file entry_28.txt (compact mmCIF, C-alpha atoms)
# COMPACT_ATOMS: atom_id res chain seq x y z
CA THR A 230 68.74 115.93 80.44
CA ALA A 231 71.27 113.68 82.12
CA THR A 232 72.36 110.51 80.38
CA PRO A 233 71.80 107.44 82.58
CA ILE A 234 74.84 105.39 83.50
CA THR A 235 74.62 101.71 82.68
CA ILE A 236 76.54 99.08 84.58
CA ASN A 237 77.41 95.73 83.11
CA PRO A 238 75.99 93.16 85.58
CA THR A 239 78.01 90.35 83.98
CA ALA A 240 81.38 91.93 84.75
CA THR A 241 83.55 89.71 86.91
CA ALA A 242 85.56 90.75 89.93
CA THR A 243 88.81 89.91 88.16
CA ALA A 244 87.97 92.41 85.43
CA ILE A 245 88.07 95.31 87.90
CA THR A 246 91.30 97.25 87.51
CA THR A 247 92.72 100.16 89.44
CA THR A 248 94.77 103.04 88.15
CA THR A 249 95.68 104.62 91.47
CA SER A 250 99.21 103.28 91.66
CA LYS A 251 101.64 100.67 90.55
CA ARG A 252 101.84 99.50 94.16
CA GLU A 253 98.18 98.57 94.35
CA PRO A 254 97.21 95.24 92.77
CA SER A 255 95.55 95.62 89.39
CA LYS A 256 93.03 92.84 90.00
CA VAL A 257 90.71 92.19 92.90
CA ASN A 258 90.40 88.58 94.00
CA SER A 259 87.27 87.10 95.52
CA ALA A 260 88.61 87.22 99.08
CA THR A 261 89.29 90.94 98.80
CA LEU A 262 85.89 91.53 97.25
CA ARG A 263 84.17 89.72 100.15
CA PHE A 264 86.35 91.60 102.65
CA ASN A 265 85.46 94.98 101.13
CA ASN A 266 81.76 94.06 101.10
CA ARG A 267 81.97 93.14 104.79
CA LEU A 268 83.73 96.39 105.66
CA ASN A 269 81.10 98.29 103.67
CA GLN A 270 78.29 96.60 105.61
CA LEU A 271 79.93 97.45 108.92
CA ALA A 272 80.69 101.03 107.85
CA LYS A 273 76.98 101.70 107.38
CA ASN A 274 76.43 101.54 111.17
CA TRP A 275 76.25 104.81 113.05
CA ASP A 276 77.50 103.65 116.45
CA ASP A 277 80.75 104.34 118.30
CA SER A 278 81.95 100.74 118.40
CA THR A 279 81.89 99.96 114.67
CA ALA A 280 84.64 102.27 113.39
CA PRO A 281 87.36 100.81 115.64
CA LYS A 282 86.33 97.31 114.53
CA VAL A 283 86.48 98.24 110.84
CA GLU A 284 89.87 99.89 111.30
CA ALA A 285 91.21 96.88 113.21
CA LEU A 286 90.03 94.49 110.48
CA LEU A 287 91.67 96.65 107.81
CA LEU A 288 94.97 97.03 109.64
CA ASP A 289 95.09 93.31 110.44
CA ALA A 290 94.53 92.37 106.79
CA LEU A 291 97.10 94.95 105.69
CA GLU A 292 99.67 93.60 108.13
CA LYS A 293 99.13 90.03 106.91
CA TYR A 294 99.45 91.10 103.26
CA GLN A 295 102.63 93.11 103.95
CA LEU A 296 104.10 90.11 105.77
CA HIS A 297 103.24 87.96 102.75
CA LEU A 298 105.03 90.44 100.46
CA LYS A 299 108.13 90.43 102.68
CA GLU A 300 108.21 86.65 102.63
CA GLU A 301 107.92 86.70 98.83
CA GLU A 302 110.70 89.27 98.62
CA SER A 303 113.04 87.21 100.78
CA GLU A 304 112.32 84.11 98.67
CA GLN A 305 113.19 86.09 95.51
CA GLY A 306 116.46 87.32 96.97
CA GLY A 307 115.60 90.92 97.73
CA GLY A 308 114.63 93.79 95.50
CA GLU A 309 111.26 95.51 95.30
CA SER A 310 108.41 93.08 95.63
CA THR A 311 105.45 93.22 93.29
CA PRO A 312 102.28 91.23 93.87
CA LYS A 313 102.08 88.05 91.82
CA THR A 314 99.22 87.83 89.36
CA ASN A 315 98.43 84.27 90.45
CA ILE A 316 98.01 85.12 94.12
CA THR A 317 95.71 82.77 95.93
CA THR A 318 92.06 83.74 96.19
CA THR A 319 92.22 83.35 99.98
CA MET A 320 94.68 86.23 100.44
CA ILE A 321 92.94 89.49 101.33
CA ILE A 322 94.71 92.36 99.58
CA PRO A 323 93.53 95.63 101.11
CA ASN A 324 93.07 98.37 98.52
CA THR A 325 91.74 101.91 98.32
CA ILE A 326 88.18 100.63 98.63
CA SER A 327 89.10 98.93 101.91
CA PHE A 328 90.52 102.20 103.24
CA THR A 329 87.52 104.18 102.00
CA ASN A 330 85.19 101.87 103.93
CA ALA A 331 87.20 102.39 107.12
CA ILE A 332 87.29 106.16 106.61
CA THR A 333 83.51 106.13 106.06
CA ALA A 334 83.04 104.23 109.32
CA TRP A 335 85.03 106.91 111.17
CA ALA A 336 83.03 109.65 109.43
CA ARG A 337 79.83 108.12 110.84
CA CYS A 338 81.26 107.64 114.31
CA THR A 339 80.49 110.27 116.96
CA ARG A 340 83.67 109.85 119.01
CA LYS A 341 85.76 112.97 119.52
CA ASP A 342 88.82 111.46 117.79
CA SER A 343 86.89 110.31 114.71
CA ALA A 344 88.19 113.00 112.37
CA HIS A 345 91.77 112.40 113.48
CA ARG A 346 91.44 108.63 112.96
CA ALA A 347 89.89 109.12 109.49
CA GLN A 348 92.71 111.53 108.56
CA SER A 349 95.29 109.03 109.79
CA LEU A 350 93.84 106.30 107.57
CA LEU A 351 93.73 108.65 104.58
CA THR A 352 97.38 109.54 105.11
CA GLN A 353 98.34 105.88 105.37
CA MET A 354 96.39 105.06 102.19
CA LEU A 355 98.07 107.90 100.29
CA HIS A 356 101.48 106.73 101.49
CA LEU A 357 100.81 103.16 100.37
CA TYR A 358 99.20 103.77 97.00
CA THR A 359 100.80 106.92 95.58
call {"tool": "encode", "arguments": {"input": "entry_28.txt", "output": "structure tokens"}}
result
Amino acid sequence: TATPITINPTATATAITTTTSKREPSKVNSATLRFNNRLNQLAKNWDDSTAPKVEALLLDALEKYQLHLKEEESEQGGGESTPKTNITTTMIIPNTISFTNAITAWARCTRKDSAHRAQSLLTQMLHLYT
């Protein structure tokens, strides 16, 4: 007999931690949580126009976050930049969940290049977070 898994419904978003890499933020802010929920909703569609939209949203958010990190790095005088723990709740910080939602959208898309696009996102995620 399988043991049922219980989930604590009172857990907060800031209590969620990741162990995938030191480069990925260890806490998820509310903006990222909303962003991932939105991507998840979109990824559930089975049409050909959704996957490119989800990928574009992800890449746009990633570009903005990387620009933010570069600005932080230049303010600190160089060196490797690490995300600040007190980052504003309005900054979307794409994470592995964001990439998984985009990959799922491509998996449900019927375009001929869907597999290639999903593989490309997986490769980019692995490069960023490992």
call {"tool": "atom_distance", "arguments": {"input": "entry_28.txt", "atom1": "atom CA of A:Gln348", "atom2": "atom CA of A:Ser327"}}
result
14.7 Å
call {"tool": "atom_distance", "arguments": {"input": "entry_28.txt", "atom1": "atom CA of A:Lys293", "atom2": "atom CA of A:Leu271"}}
result
20.7 Å
call {"tool": "atom_distance", "arguments": {"input": "entry_28.txt", "atom1": "atom CA of A:Ser349", "atom2": "atom CA of A:Ile332"}}
result
9.1 Å
call {"tool": "closest_residue", "arguments": {"input": "entry_28.txt", "among": "A:Thr279, A:Lys273, A:Thr261, A:Leu268", "to": "A:Arg340", "atoms": "all atoms listed in the file"}}
result
A:Thr279
call {"tool": "residues_around", "arguments": {"input": "entry_28.txt", "residues": "A:Cys338", "least_positions_apart": "3", "cutoff": "8 Å", "atoms": "only C-alpha atoms", "output": "VMD selection string"}}
result
chain A and resid 275 to 277 279 to 280 334 to 335 343
call {"tool": "closest_residue", "arguments": {"input": "entry_28.txt", "among": "A:Leu298, A:Met320, A:Ile326, A:Leu287", "to": "A:Tyr358", "atoms": "only C-alpha atoms"}}
result
A:Ile326
call {"tool": "closest_residue", "arguments": {"input": "entry_28.txt", "among": "A:Phe264, A:Thr325, A:Val257, A:Ala344", "to": "A:Ala290", "atoms": "only C-alpha atoms"}}
result
A:Phe264
